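Trainee: Before we start, here is the structure in question, set down as structure tokens.
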Amino acid sequence: RPGAGERARGGAAPPGAARLTNPQRVYWQDVDITKQGLADYYASVWDWIAPHVVRRPLALLRCPNGVGSECFVQKHSHATFDKSRILSVDDDGDELIAIETLDGLLALVQAGVLEVHVWGSTIDRVDVNDRLVFDLDPGPDVTWAAVVDGAREVRDRLAEMKLESFVKTSGGKGLHIVVPHDGADWTTAKEFSKRLAYAMAADAPQKYIGKMTKSARVGKIFVDYLRNGRGATAVAAYSPRARPGAPVSTPVAWNEVTAKLSPARWTVLNLMDRLKRLKADPWAGIAAVRQRLPGP
Ligand code: ATP
Ligand code: MN
Ligand code: MN
């Protein structure tokens with residue numbers, strides 16, 4: 001799988017590069033990553049990111065002048081992108097944005113997109129959730145060790161229900177646990193994830209909280225299940241973040257989720273080194289998993 005990425009990296013300019021205007025515009029000033037640098041990153045990781053972004057409705061964080069200047073989230077109005085390279089999906093009169101190819105992803109780079117966020121569904125079945133995300137949000141004064149414990153607890157609770165899960169760094173402060181499944185309506189998906197979050201909070205109220213109340217979060221981890229509603233998003237696997245250092249939301253193996261990991265460990269600058277060294281894709285098999293969410 002990394003093969004194609006290496007080809008793109010070692011060879012000539014990636015496809016679509018010719019259509020980048022202002023390729024030298026700096027997007028991450030602190031680590032000197034330009035618009036061209038971001039395009040090169042995506043060309044290198046295309047085979048890795050594609051399964052997680054292709055044909056899913058997107059929310060895009062656009063920062064036309066880079067990190068530190070004004071950014072905004074865009075979920076609709078495909079017209080502000082290069083229409084020939086981006087898919088538009090009608091959702092009851094709402095226009096959702098999706099991509100299918102590396103060229104589409106590079107059209108997003110051209111438009112100043114620094115982060116790619118995805119729905120837990122595909123454009124072919126927008127009413128069906130096929131991936132849950134548990135987003136662990138540590139409040140102030142929560143140690144990384146506690147976040148690691150929390151992620152393992154989510155994994156173990158899912159495993160008790162015979163559900164396999166996968167984990168990635170958020171590129172920010174936390175971890176995201178991803179559960180691929182055969183598909184459920186949004187109400188079922190959200191209720192299922194809410195029950196799990198609330199059960200963790202009920203069993204260890206000193207550690208976990210299931211409600212979004214910011215003020216109550218000091219010392220606790222918010223088990224954010226709200227990513228699992230219709231139209232909600234989570235940052236895509238392998239998307240960079242518009243934060244200092246250009247961290248990437250990076251899929252890792254469960255045995256890498258230790259005190260040694262940090263949520264911003266992998267970045268646009270060092271991710272390819274990781275991918276080249278990996279013996280196996282830590283998320284291998286995620287697309288082949290067949291499992292059903294239990295009902296209420
Ligand atoms: P961190 O580890 O710092 O929490 P995160 O990506 O998990 O990083 P959250 O604030 O927990 O950040 O949000 C989780 C996800 O919810 C985001 O990845 C994003 O897709 C979505 N999200 C959150 N806030 C917004 C917003 N204001 N507009 C659009 N999407 C949002
Ligand atoms: Mn989070
Ligand atoms: Mn959150």
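Just remember, in the structure tokens the first chain shown is A, the second B, etc., residues are 1-based per chain, and ligands are 1-based in the order shown.
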Would you mind writing down, as a ChimeraX atom specification, each residue of segment 29-246 of chain A that DSSP on the backbone assigns to strand (DSSP E)?
Mentor: /A:33-34,58-62,72-74,87-91,94-98,113-118,128-138,166-169,175-185,208-209,221-224,234-235
Trainee: Take the residues just selected and output them with C-alpha atoms as an mmCIF file, in the first residue's frame.
Mentor:
data_model
loop_
_atom_site.group_PDB
_atom_site.id
_atom_site.type_symbol
_atom_site.label_atom_id
_atom_site.label_comp_id
_atom_site.auth_asym_id
_atom_site.auth_seq_id
_atom_site.Cartn_x
_atom_site.Cartn_y
_atom_site.Cartn_z
ATOM 1 C CA ILE A 33 4.891 24.171 5.403
ATOM 2 C CA THR A 34 3.585 25.769 2.243
ATOM 3 C CA LEU A 58 -17.099 16.571 4.277
ATOM 4 C CA ALA A 59 -16.756 19.541 6.564
ATOM 5 C CA LEU A 60 -13.743 21.606 5.608
ATOM 6 C CA LEU A 61 -11.711 23.929 7.743
ATOM 7 C CA ARG A 62 -10.494 26.652 5.433
ATOM 8 C CA PHE A 72 -13.929 28.980 8.891
ATOM 9 C CA VAL A 73 -15.771 25.682 8.585
ATOM 10 C CA GLN A 74 -17.581 24.944 5.347
ATOM 11 C CA LEU A 87 -18.605 16.188 -5.973
ATOM 12 C CA SER A 88 -21.775 17.875 -4.942
ATOM 13 C CA VAL A 89 -24.449 15.770 -3.272
ATOM 14 C CA ASP A 90 -27.981 16.935 -2.823
ATOM 15 C CA ASP A 91 -29.274 16.297 0.672
ATOM 16 C CA ASP A 94 -28.613 21.063 1.096
ATOM 17 C CA GLU A 95 -25.518 20.684 -1.014
ATOM 18 C CA LEU A 96 -22.965 18.387 0.580
ATOM 19 C CA ILE A 97 -19.347 18.330 -0.527
ATOM 20 C CA ALA A 98 -17.391 15.144 -1.281
ATOM 21 C CA VAL A 113 -8.530 23.766 3.225
ATOM 22 C CA LEU A 114 -6.218 22.817 6.085
ATOM 23 C CA GLU A 115 -8.392 20.191 7.809
ATOM 24 C CA VAL A 116 -10.713 17.590 6.319
ATOM 25 C CA HIS A 117 -13.569 16.347 8.513
ATOM 26 C CA VAL A 118 -15.961 13.556 7.611
ATOM 27 C CA VAL A 128 -27.042 5.443 7.460
ATOM 28 C CA ASN A 129 -24.174 5.722 9.920
ATOM 29 C CA ASP A 130 -21.439 3.177 9.181
ATOM 30 C CA ARG A 131 -18.681 4.477 11.467
ATOM 31 C CA LEU A 132 -18.997 5.587 15.058
ATOM 32 C CA VAL A 133 -16.441 7.874 16.655
ATOM 33 C CA PHE A 134 -15.832 8.202 20.378
ATOM 34 C CA ASP A 135 -13.894 11.410 20.820
ATOM 35 C CA LEU A 136 -12.080 11.546 24.150
ATOM 36 C CA ASP A 137 -11.735 15.149 25.242
ATOM 37 C CA PRO A 138 -9.569 15.579 28.313
ATOM 38 C CA PHE A 166 -9.691 1.216 15.933
ATOM 39 C CA VAL A 167 -7.889 4.218 17.383
ATOM 40 C CA LYS A 168 -6.234 7.372 16.097
ATOM 41 C CA THR A 169 -4.644 10.437 17.587
ATOM 42 C CA LEU A 175 -7.797 10.186 20.944
ATOM 43 C CA HIS A 176 -10.610 9.067 18.659
ATOM 44 C CA ILE A 177 -11.935 5.509 18.818
ATOM 45 C CA VAL A 178 -13.552 4.458 15.559
ATOM 46 C CA VAL A 179 -16.068 1.625 15.217
ATOM 47 C CA PRO A 180 -16.841 0.450 11.684
ATOM 48 C CA HIS A 181 -20.141 -1.346 11.401
ATOM 49 C CA ASP A 182 -22.700 -2.629 8.947
ATOM 50 C CA GLY A 183 -24.855 0.469 9.206
ATOM 51 C CA ALA A 184 -27.571 1.838 11.450
ATOM 52 C CA ASP A 185 -29.913 4.793 11.347
ATOM 53 C CA TYR A 208 -15.542 10.567 32.874
ATOM 54 C CA ILE A 209 -18.349 12.860 31.914
ATOM 55 C CA ILE A 221 -12.540 13.250 30.231
ATOM 56 C CA PHE A 222 -15.606 14.151 28.206
ATOM 57 C CA VAL A 223 -16.567 11.014 26.282
ATOM 58 C CA ASP A 224 -17.843 12.964 23.292
ATOM 59 C CA ALA A 234 -14.848 14.188 13.139
ATOM 60 C CA VAL A 235 -11.476 15.021 11.666
#
Trainee: Select from segment 237-289 of chain A everything DSSP, run on the backbone, classes as alpha helix (DSSP H), then give the selection as a list in words.
Mentor: Leu271, Met272, Asp273, Arg274, Leu275, Lys276 and Arg277 of chain A
Trainee: Go ahead and write the residues just picked, C-alpha atoms, as a PDB file, in the first residue's frame.
Mentor:
ATOM      1  CA  LEU A 271       4.205  10.971   9.094  1.00  0.00           C
ATOM      2  CA  MET A 272       5.770   9.492   5.946  1.00  0.00           C
ATOM      3  CA  ASP A 273       8.720   8.239   8.015  1.00  0.00           C
ATOM      4  CA  ARG A 274       6.237   6.397  10.210  1.00  0.00           C
ATOM      5  CA  LEU A 275       4.314   4.941   7.280  1.00  0.00           C
ATOM      6  CA  LYS A 276       7.492   3.697   5.588  1.00  0.00           C
ATOM      7  CA  ARG A 277       8.655   1.977   8.758  1.00  0.00           C
TER       8      ARG A 277
END
Trainee: Give me, as a Markdown table, the closest atom pair and its distance (Å, one decimal) for every residue of segment 168-248 of chain A within a cut-off of 8 Å of segment 44-56 of chain A, counting only C-alpha atoms, rows sorted by chain and rising number.
Mentor:
| residue | atom | partner | partner_atom | distance |
| --- | --- | --- | --- | --- |
| A:Ala236 | CA | A:His52 | CA | 6.5 |
| A:Ala237 | CA | A:His52 | CA | 6.4 |
| A:Tyr238 | CA | A:Ile49 | CA | 5.6 |
| A:Ser239 | CA | A:Ile49 | CA | 7.7 |
Trainee: Mind writing the picked residues with C-alpha atoms as a compact mmCIF listing (two decimals), in the first residue's frame?
Mentor:
# COMPACT_ATOMS: atom_id res chain seq x y z
CA ALA A 236 -10.51 12.44 9.05
CA ALA A 237 -7.75 9.92 9.60
CA TYR A 238 -4.55 11.37 8.10
CA SER A 239 -5.91 14.92 7.98
Trainee: So how far away is atom 12 (O, counted along the ligand's line) of ligand 1 from atom CA of Ala242 of chain A, in Å?
Mentor: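 That distance, rounded to one decimal, is 11.2 Å.
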Trainee: Please, what distance in Å, to one decimal, runs between atom 3 (O, counted along the ligand's line) of ligand 1 and atom CA of Ala284 of chain A?
Mentor: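 These atoms are spaced 25.2 Å apart.
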Trainee: Report, in Å with one decimal, the straight-line distance from atom CA of Tyr198 of chain A to atom CA of Val257 of chain A.
Mentor: 23.0 Å
Trainee: Would you please work out which residue, of A:Gly66, A:Gly104, A:Gly219, A:Pro251, is nearest to Trp283 of chain A when using only C-alpha atoms?
Mentor: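 Smallest distance to Trp283 of chain A is found for A:Pro251.
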Trainee: When you count only C-alpha atoms and all ligand atoms, which of these residues is closest to ligand 2: A:Leu226, A:Val154, A:Leu196, A:Leu163?
Mentor: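 The answer is A:Leu226, which sits nearest to ligand 2.
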Trainee: Calculated over only C-alpha atoms, which of the candidates A:Ile123, A:Ala246, A:Leu261, A:Leu105 has the smallest distance to Asp30 of chain A?
Mentor: A:Ala246
Trainee: Write out as JSON, numbers by chain each polymer residue whose atoms come within 12 Å of Glu153 of chain A, counting only C-alpha atoms; drop sequence neighbours fewer than 2 positions from it.
Mentor: {"A": [134, 136, 146, 147, 148, 149, 150, 151, 155, 156, 157, 158, 159, 160, 165, 177, 196, 197, 199, 200, 201, 203, 204, 207, 208, 223, 254, 257]}
